[in-house]
file data.cif (mmCIF, C-alpha atoms and all ligand atoms)
data_final
loop_
_atom_site.label_atom_id
_atom_site.label_comp_id
_atom_site.auth_asym_id
_atom_site.auth_seq_id
_atom_site.Cartn_x
_atom_site.Cartn_y
_atom_site.Cartn_z
CA MET A 9 -49.48 59.77 219.30
CA SER A 10 -50.63 57.50 222.11
CA LEU A 11 -51.73 59.12 225.34
CA ASN A 12 -48.67 57.71 227.14
CA GLN A 13 -46.20 59.04 224.62
CA SER A 14 -44.33 62.28 224.87
CA PRO A 15 -44.08 64.36 221.69
CA VAL A 16 -40.43 63.36 221.39
CA GLU A 17 -41.25 59.66 221.71
CA SER A 18 -43.99 60.07 219.16
CA ARG A 19 -41.67 61.81 216.71
CA LEU A 20 -39.03 59.11 217.17
CA GLN A 21 -41.64 56.44 216.51
CA THR A 22 -42.73 58.23 213.34
CA HIS A 23 -39.10 58.57 212.31
CA THR A 24 -38.54 54.83 212.84
CA GLU A 25 -41.64 53.92 210.87
CA ILE A 26 -40.62 56.14 207.98
CA MET A 27 -37.03 54.93 207.94
CA SER A 28 -38.21 51.32 207.81
CA ARG A 29 -39.83 51.97 204.45
CA LYS A 30 -38.05 50.80 201.35
CA ALA A 31 -35.97 53.20 199.35
CA LEU A 32 -37.28 54.40 196.01
CA THR A 33 -34.93 53.92 193.11
CA ILE A 34 -35.15 56.57 190.40
CA ILE A 35 -33.11 55.57 187.40
CA ASN A 36 -32.58 59.03 185.91
CA ALA A 37 -32.14 60.79 189.24
CA ASP A 38 -28.74 62.14 188.27
CA THR A 39 -29.92 64.02 185.21
CA ALA A 40 -33.64 64.79 185.51
CA THR A 41 -34.74 68.35 186.15
CA PHE A 42 -38.25 69.54 186.92
CA GLU A 43 -40.03 72.58 188.26
CA CYS A 44 -43.79 73.11 188.49
CA ILE A 45 -44.58 76.72 187.65
CA TYR A 46 -48.33 76.58 188.10
CA GLY A 47 -49.46 80.17 188.70
CA ARG A 48 -46.15 81.51 187.38
CA GLY A 49 -46.76 81.19 183.67
CA CYS A 50 -48.58 77.86 183.59
CA GLU A 51 -52.28 77.64 184.29
CA GLY A 52 -52.42 73.89 184.75
CA LYS A 53 -51.55 72.51 181.33
CA CYS A 54 -51.13 69.04 182.80
CA CYS A 55 -54.88 68.96 183.54
CA GLN A 56 -55.80 70.02 180.02
CA ASN A 57 -57.40 66.95 178.52
CA GLY A 58 -56.32 65.26 181.74
CA ARG A 59 -57.89 61.86 181.83
CA PRO A 60 -56.48 59.83 184.70
CA SER A 61 -58.10 56.47 185.26
CA LEU A 62 -59.45 55.69 188.68
CA SER A 63 -59.36 52.49 190.73
CA ALA A 64 -62.50 51.36 192.52
CA ALA A 65 -61.06 52.67 195.78
CA GLU A 66 -60.39 56.08 194.26
CA GLN A 67 -63.92 56.19 192.88
CA ARG A 68 -65.33 55.48 196.35
CA ILE A 69 -63.32 58.36 197.77
CA ILE A 70 -64.60 60.79 195.14
CA ASN A 71 -68.17 59.47 195.39
CA ALA A 72 -68.20 60.29 199.08
CA LEU A 73 -66.95 63.79 198.33
CA LEU A 74 -68.92 64.56 195.20
CA GLU A 75 -71.83 66.42 196.72
CA ARG A 76 -69.45 68.88 198.35
CA VAL A 77 -67.27 69.17 195.26
CA LEU A 78 -70.03 69.80 192.71
CA PRO A 79 -70.61 73.49 193.51
CA ALA A 80 -66.88 74.16 193.12
CA LEU A 81 -66.69 72.84 189.56
CA ARG A 82 -66.86 74.94 186.41
CA PRO A 83 -70.53 75.39 185.46
CA ALA A 84 -70.19 73.34 182.27
CA ALA A 85 -68.34 70.56 184.08
CA ARG A 86 -70.83 70.65 186.96
CA ALA A 87 -73.75 70.19 184.56
CA VAL A 88 -72.12 67.22 182.85
CA VAL A 89 -71.06 65.56 186.09
CA ALA A 90 -74.49 66.05 187.64
CA GLN A 91 -76.15 64.44 184.62
CA GLN A 92 -73.68 61.82 183.50
CA GLY A 93 -71.18 61.38 186.31
CA TYR A 94 -67.48 62.17 186.37
CA LEU A 95 -66.32 58.99 184.63
CA SER A 96 -66.31 58.52 180.89
CA ARG A 97 -66.73 55.24 179.05
CA ARG A 98 -63.09 55.31 178.04
CA LYS A 99 -60.74 53.04 179.93
CA LYS A 100 -57.05 53.05 180.65
CA LEU A 101 -55.30 50.24 182.45
CA GLY A 102 -58.68 48.56 182.73
CA GLN A 103 -60.12 51.42 184.75
CA PRO A 104 -62.56 54.15 183.73
CA MET A 105 -61.11 57.57 182.98
CA LEU A 106 -62.24 60.97 184.19
CA ARG A 107 -64.38 63.02 181.83
CA VAL A 108 -63.08 66.06 180.04
CA VAL A 109 -65.38 69.05 179.47
CA GLU A 110 -64.38 71.98 177.29
CA GLY A 111 -60.91 70.58 177.01
CA TRP A 112 -60.18 70.28 180.70
CA CYS A 113 -60.59 67.56 183.31
CA VAL A 114 -63.99 67.94 184.99
CA PHE A 115 -62.27 68.54 188.32
CA PHE A 116 -60.16 71.41 187.03
CA HIS A 117 -61.30 74.88 188.04
CA ASN A 118 -58.47 77.34 188.64
CA GLY A 119 -56.39 74.36 189.73
CA CYS A 120 -57.50 70.92 190.78
CA VAL A 121 -60.60 71.06 192.97
CA LEU A 122 -59.76 67.66 194.51
CA HIS A 123 -56.32 69.00 195.41
CA GLN A 124 -57.88 72.04 197.06
CA PHE A 125 -60.37 69.97 199.06
CA GLY A 126 -57.60 67.70 200.30
CA LEU A 127 -55.62 70.70 201.50
CA SER A 128 -58.65 72.25 203.09
CA ASP A 129 -59.83 69.08 204.88
CA PHE A 130 -56.53 67.46 205.82
CA ASN A 131 -53.75 69.84 204.82
CA ASP A 132 -52.84 67.00 202.48
CA TYR A 133 -53.53 67.47 198.80
CA THR A 134 -53.13 63.75 198.06
CA ARG A 135 -56.24 62.67 199.98
CA TYR A 136 -58.79 62.92 197.18
CA LYS A 137 -56.68 63.40 194.06
CA PRO A 138 -56.20 60.48 191.65
CA SER A 139 -52.88 58.80 192.33
CA GLN A 140 -51.91 59.14 188.65
CA CYS A 141 -52.13 62.92 189.09
CA VAL A 142 -50.24 62.96 192.38
CA MET A 143 -47.37 60.90 191.00
CA PHE A 144 -46.80 63.03 187.92
CA PRO A 145 -44.10 63.34 186.55
CA LEU A 146 -42.80 60.21 188.24
CA GLU A 147 -43.51 56.96 186.46
CA PRO A 148 -42.97 53.32 187.37
CA PHE A 149 -40.27 51.76 185.23
CA GLY A 150 -41.92 48.37 185.62
CA ASP A 151 -39.41 46.51 187.73
CA GLY A 152 -39.87 48.27 191.04
CA ARG A 153 -37.78 51.25 189.97
CA TRP A 154 -39.06 54.63 188.86
CA TYR A 155 -38.08 57.42 186.51
CA VAL A 156 -38.84 61.09 185.96
CA ARG A 157 -40.62 61.76 182.67
CA GLN A 158 -38.46 63.93 180.46
CA HIS A 159 -38.51 64.81 176.77
CA GLY A 160 -36.37 62.36 174.86
CA TYR A 161 -36.25 59.87 177.70
CA LEU A 162 -37.66 56.35 177.35
CA GLY A 163 -39.83 57.36 174.43
CA GLU A 164 -41.63 60.23 176.17
CA ARG A 165 -44.26 61.53 173.76
CA TRP A 166 -45.91 64.35 175.69
CA ASP A 167 -44.59 67.74 174.57
CA LEU A 168 -45.53 69.42 177.85
CA PHE A 169 -42.96 72.17 178.38
CA CYS A 170 -42.14 71.26 181.98
CA LEU A 171 -40.96 67.83 180.85
CA ASN A 172 -38.23 69.55 178.87
CA PRO A 173 -35.06 69.00 180.92
CA HIS A 174 -33.81 72.38 179.68
CA ALA A 175 -36.86 74.19 181.08
CA SER A 176 -35.44 74.18 184.60
CA GLN A 177 -32.14 73.72 186.35
CA VAL A 178 -33.78 72.40 189.50
CA PRO A 179 -32.92 68.75 190.10
CA ALA A 180 -36.14 66.74 189.99
CA VAL A 181 -35.17 64.83 193.09
CA GLN A 182 -35.22 68.13 194.94
CA SER A 183 -38.42 69.60 193.51
CA LEU A 184 -40.28 66.29 193.65
CA ALA A 185 -39.56 65.36 197.25
CA THR A 186 -43.27 65.07 198.03
CA GLU A 187 -44.02 62.99 194.95
CA ILE A 188 -41.06 60.73 195.69
CA ASP A 189 -42.36 60.13 199.19
CA TYR A 190 -45.84 59.44 197.82
CA CYS A 191 -44.49 56.93 195.28
CA ARG A 192 -42.42 55.29 197.98
CA ARG A 193 -45.59 54.75 199.98
CA LEU A 194 -47.34 53.36 196.91
CA SER A 195 -44.43 51.02 196.29
CA ASP A 196 -44.50 49.91 199.90
CA SER A 197 -48.18 49.09 199.62
CA GLY A 198 -47.75 47.42 196.23
CA THR A 199 -50.40 49.61 194.56
CA GLU A 200 -48.37 51.66 192.16
CA THR A 201 -50.09 52.52 188.90
CA THR A 202 -48.96 54.19 185.73
CA ASP A 203 -49.35 57.62 184.30
CA ARG A 204 -52.37 59.42 182.93
CA ASN A 205 -51.11 60.66 179.62
CA ASP A 206 -50.70 57.61 177.49
CA ALA A 207 -46.96 57.49 177.59
CA PRO A 208 -45.58 54.11 176.58
CA LYS A 209 -46.47 51.59 179.26
CA THR A 210 -44.23 48.87 177.94
CA ILE A 211 -40.53 49.47 177.87
CA THR A 212 -39.26 48.38 174.48
CA SER A 213 -36.03 46.54 173.99
CA THR A 214 -34.41 49.74 172.76
CA THR A 215 -35.35 51.67 175.84
CA ASP A 216 -34.49 48.68 177.98
CA ASP A 217 -30.97 48.95 176.62
CA ALA A 218 -30.94 52.66 177.32
CA ALA A 219 -32.14 52.03 180.82
CA ARG A 220 -29.52 49.40 181.42
CA LYS A 221 -26.86 51.87 180.42
CA ILE A 222 -28.01 54.32 183.01
CA THR A 223 -28.67 51.80 185.73
CA ASP A 224 -25.30 52.51 187.23
CA SER A 225 -26.37 56.04 187.98
CA ALA A 226 -29.61 55.00 189.62
CA VAL A 227 -30.01 56.62 192.98
CA GLU A 228 -31.96 55.29 195.90
CA PHE A 229 -33.93 57.74 197.97
CA LEU A 230 -34.33 56.85 201.56
CA PRO A 231 -37.20 58.42 203.44
CA ASP A 232 -36.57 61.80 204.92
CA PRO A 233 -38.94 62.23 207.86
CA LEU A 234 -38.89 65.98 207.38
CA ASP A 235 -40.29 65.59 203.87
CA THR A 236 -43.58 64.31 205.22
CA ALA A 237 -44.22 67.78 206.59
CA LYS A 238 -44.21 69.13 203.03
CA LEU A 239 -47.34 67.23 202.04
CA GLY A 240 -49.62 70.11 202.71
CA THR A 241 -47.51 72.86 201.28
CA LYS A 242 -47.41 72.15 197.58
CA ILE A 243 -49.03 74.67 195.33
CA VAL A 244 -52.39 73.80 193.86
CA ARG A 245 -52.32 72.33 190.40
S1 LIG A 301 -54.97 66.94 188.93
FE1 LIG A 301 -57.21 67.14 189.35
S2 LIG A 301 -57.96 68.49 187.71
FE2 LIG A 301 -55.94 67.71 187.04
S3 LIG A 301 -56.36 65.85 185.82
FE3 LIG A 301 -56.03 65.19 187.95
S4 LIG A 301 -58.10 65.14 188.89
FE4 LIG A 301 -58.24 66.35 187.01
#
call {"tool": "encode", "arguments": {"input": "data.cif", "output": "C-alpha cells"}}
result
Amino acid sequence: MSLNQSPVESRLQTHTEIMSRKALTIINADTATFECIYGRGCEGKCCQNGRPSLSAAEQRIINALLERVLPALRPAARAVVAQQGYLSRRKKLGQPMLRVVEGWCVFFHNGCVLHQFGLSDFNDYTRYKPSQCVMFPLEPFGDGRWYVRQHGYLGERWDLFCLNPHASQVPAVQSLATEIDYCRRLSDSGTETTDRNDAPKTITSTTDDAARKITDSAVEFLPDPLDTAKLGTKIVR
C-alpha cells in the first residue's frame, strides 16, 4: 500500500491486479476430487521418496535458508545434507533432484520443513518450498491448460491414495483453491514446471484423444481475490 492510499484504495488496487491475471483452465475440473488429509490419517506420503527437481532460482532460495533449516531436519538427513548437500546427482527435467534419506525427502520432518519456515517467516508456505511440491496435485497439460492428477486419468501411475477420485467427495477445484492460484501465477509468469513423481510428461495420442473428449467440460478459473488470503492457512505437509 502506498502512503497516499487508503486501505480501501489499496484493496481495490490489489483486486484489479488479481482480476487482470489470466484464468487457469483445468480440463478435468468437473470431475476431479481431492482432499489432503495430512495429520488425519496421512503422515505425508507424498514426501516419501519425494524427489522434486529444483531450478537454479529455487536452489538459491534454499541455499540462503539452509543454515537456519539444518537444525530442523531429521538427524540422519541433517548429517547427509551437511556433508553432501541437499541435491542428488539425479536429474529430472534437466534439473537436480532433492536427496532422499531413509526413504523420505531430506526436508521432511513431521511435515515439510520448508513449508513450515515459509509459514513462520511470511505466513506463506510457498516461499521456500519447491514449486513442484506446491503445485501438487495440479499438473500442466502442456498446452497452457492444467489438470488434476487422478487415478486412471491421463495415464496416472502413482498409486497414492489421495489421487483416487473415490477417496473424497470434495471437488478438487474447491480444496485446491490455493494451488490453483499458485499455478495461475506460474502461468502468468511463464515458469510453470511439471510434477515431481515421474508421471508421464508427454501426453500420448491416446490420452490426447481422451483429453479432447473432455475439453468441452474444461472450466476456467478466474482469480478470486479472497483466495489470496488462504495462502498462509494451509496445513503443513
Ligand atoms: S514438500 Fe517439502 S518435504 Fe515434501 S518433497 Fe517437497 S521439499 Fe521435500
call {"tool": "residues_near_ligand", "arguments": {"input": "data.cif", "ligand": "ligand LIG 301 (chain A)", "cutoff": "7 Å", "atoms": "all atoms listed in the file", "output": "list of chain:residue names"}}
result
A:Cys54, A:Cys55, A:Gly58, A:Arg59, A:Pro60, A:Cys113, A:Val114, A:Phe115, A:Phe116, A:Gly119, A:Cys120, A:Val121, A:Leu122, A:His123, A:Lys137, A:Pro138, A:Cys141, A:Arg245
call {"tool": "closest_residue", "arguments": {"input": "data.cif", "among": "A:Thr41, A:Ser139, A:Thr134, A:Gln124", "to": "Ser63 (chain A)", "atoms": "all atoms listed in the file"}}
result
A:Ser139
call {"tool": "closest_residue", "arguments": {"input": "data.cif", "among": "A:Leu162, A:Ala85, A:Ala185, A:Val109", "to": "Val142 (chain A)", "atoms": "all atoms listed in the file"}}
result
A:Ala185
call {"tool": "residues_around", "arguments": {"input": "data.cif", "residues": "His159 (chain A)", "least_positions_apart": "4", "cutoff": "7 Å", "atoms": "all atoms listed in the file", "output": "list of chain:residue names"}}
result
A:Glu164, A:Leu171, A:Asn172, A:Pro173
call {"tool": "atom_distance", "arguments": {"input": "data.cif", "atom1": "CA of Met143 (chain A)", "atom2": "CA of Arg193 (chain A)"}}
result
11.0 Å
call {"tool": "residues_around", "arguments": {"input": "data.cif", "residues": "Gly152 (chain A)", "least_positions_apart": "4", "cutoff": "8 Å", "atoms": "only C-alpha atoms", "output": "ChimeraX atom specification"}}
result
/A:33,148,195
call {"tool": "atom_distance", "arguments": {"input": "data.cif", "atom1": "CA of Arg192 (chain A)", "atom2": "CA of Glu147 (chain A)"}}
result
11.7 Å
call {"tool": "atom_distance", "arguments": {"input": "data.cif", "atom1": "CA of Ala65 (chain A)", "atom2": "CA of Leu106 (chain A)"}}
result
14.3 Å
call {"tool": "residues_around", "arguments": {"input": "data.cif", "residues": "Arg107 (chain A)", "least_positions_apart": "5", "cutoff": "6 Å", "atoms": "all atoms listed in the file", "output": "count of residues only"}}
result
4
call {"tool": "residues_near_point", "arguments": {"input": "data.cif", "point": "(-32.0, 61.5, 187.3)", "cutoff": "9 Å", "atoms": "only C-alpha atoms", "output": "tab-separated table (two decimals) with C-alpha atoms, keeping the file's coordinate frame"}}
result
chain	number	residue	atom	x	y	z
A	34	ILE	CA	-35.15	56.57	190.40
A	35	ILE	CA	-33.11	55.57	187.40
A	36	ASN	CA	-32.58	59.03	185.91
A	37	ALA	CA	-32.14	60.79	189.24
A	38	ASP	CA	-28.74	62.14	188.27
A	39	THR	CA	-29.92	64.02	185.21
A	40	ALA	CA	-33.64	64.79	185.51
A	41	THR	CA	-34.74	68.35	186.15
A	155	TYR	CA	-38.08	57.42	186.51
A	156	VAL	CA	-38.84	61.09	185.96
A	179	PRO	CA	-32.92	68.75	190.10
A	180	ALA	CA	-36.14	66.74	189.99
A	181	VAL	CA	-35.17	64.83	193.09
A	225	SER	CA	-26.37	56.04	187.98
A	226	ALA	CA	-29.61	55.00	189.62
A	227	VAL	CA	-30.01	56.62	192.98
call {"tool": "closest_residue", "arguments": {"input": "data.cif", "among": "A:Phe144, A:Tyr136, A:Phe42, A:Phe130", "to": "Glu187 (chain A)", "atoms": "all atoms listed in the file"}}
result
A:Phe144
call {"tool": "closest_residue", "arguments": {"input": "data.cif", "among": "A:Met105, A:Leu74, A:Ala175, A:Cys44", "to": "Ala90 (chain A)", "atoms": "only C-alpha atoms"}}
result
A:Leu74
call {"tool": "closest_residue", "arguments": {"input": "data.cif", "among": "A:Ser128, A:Thr186, A:Asn118, A:Ser61", "to": "Arg97 (chain A)", "atoms": "all atoms listed in the file"}}
result
A:Ser61
call {"tool": "axis_aligned_box", "arguments": {"input": "data.cif", "around": "region 121-129 of chain A", "padding_each_side": "8 Å", "output": "lines of an AutoDock Vina configuration file"}}
result
center_x = -58.1
center_y = 70.0
center_z = 198.9
size_x = 21.0
size_y = 20.6
size_z = 27.9
call {"tool": "closest_residue", "arguments": {"input": "data.cif", "among": "A:Gly93, A:Gly150, A:Ala31, A:Arg76", "to": "Cys191 (chain A)", "atoms": "only C-alpha atoms"}}
result
A:Ala31
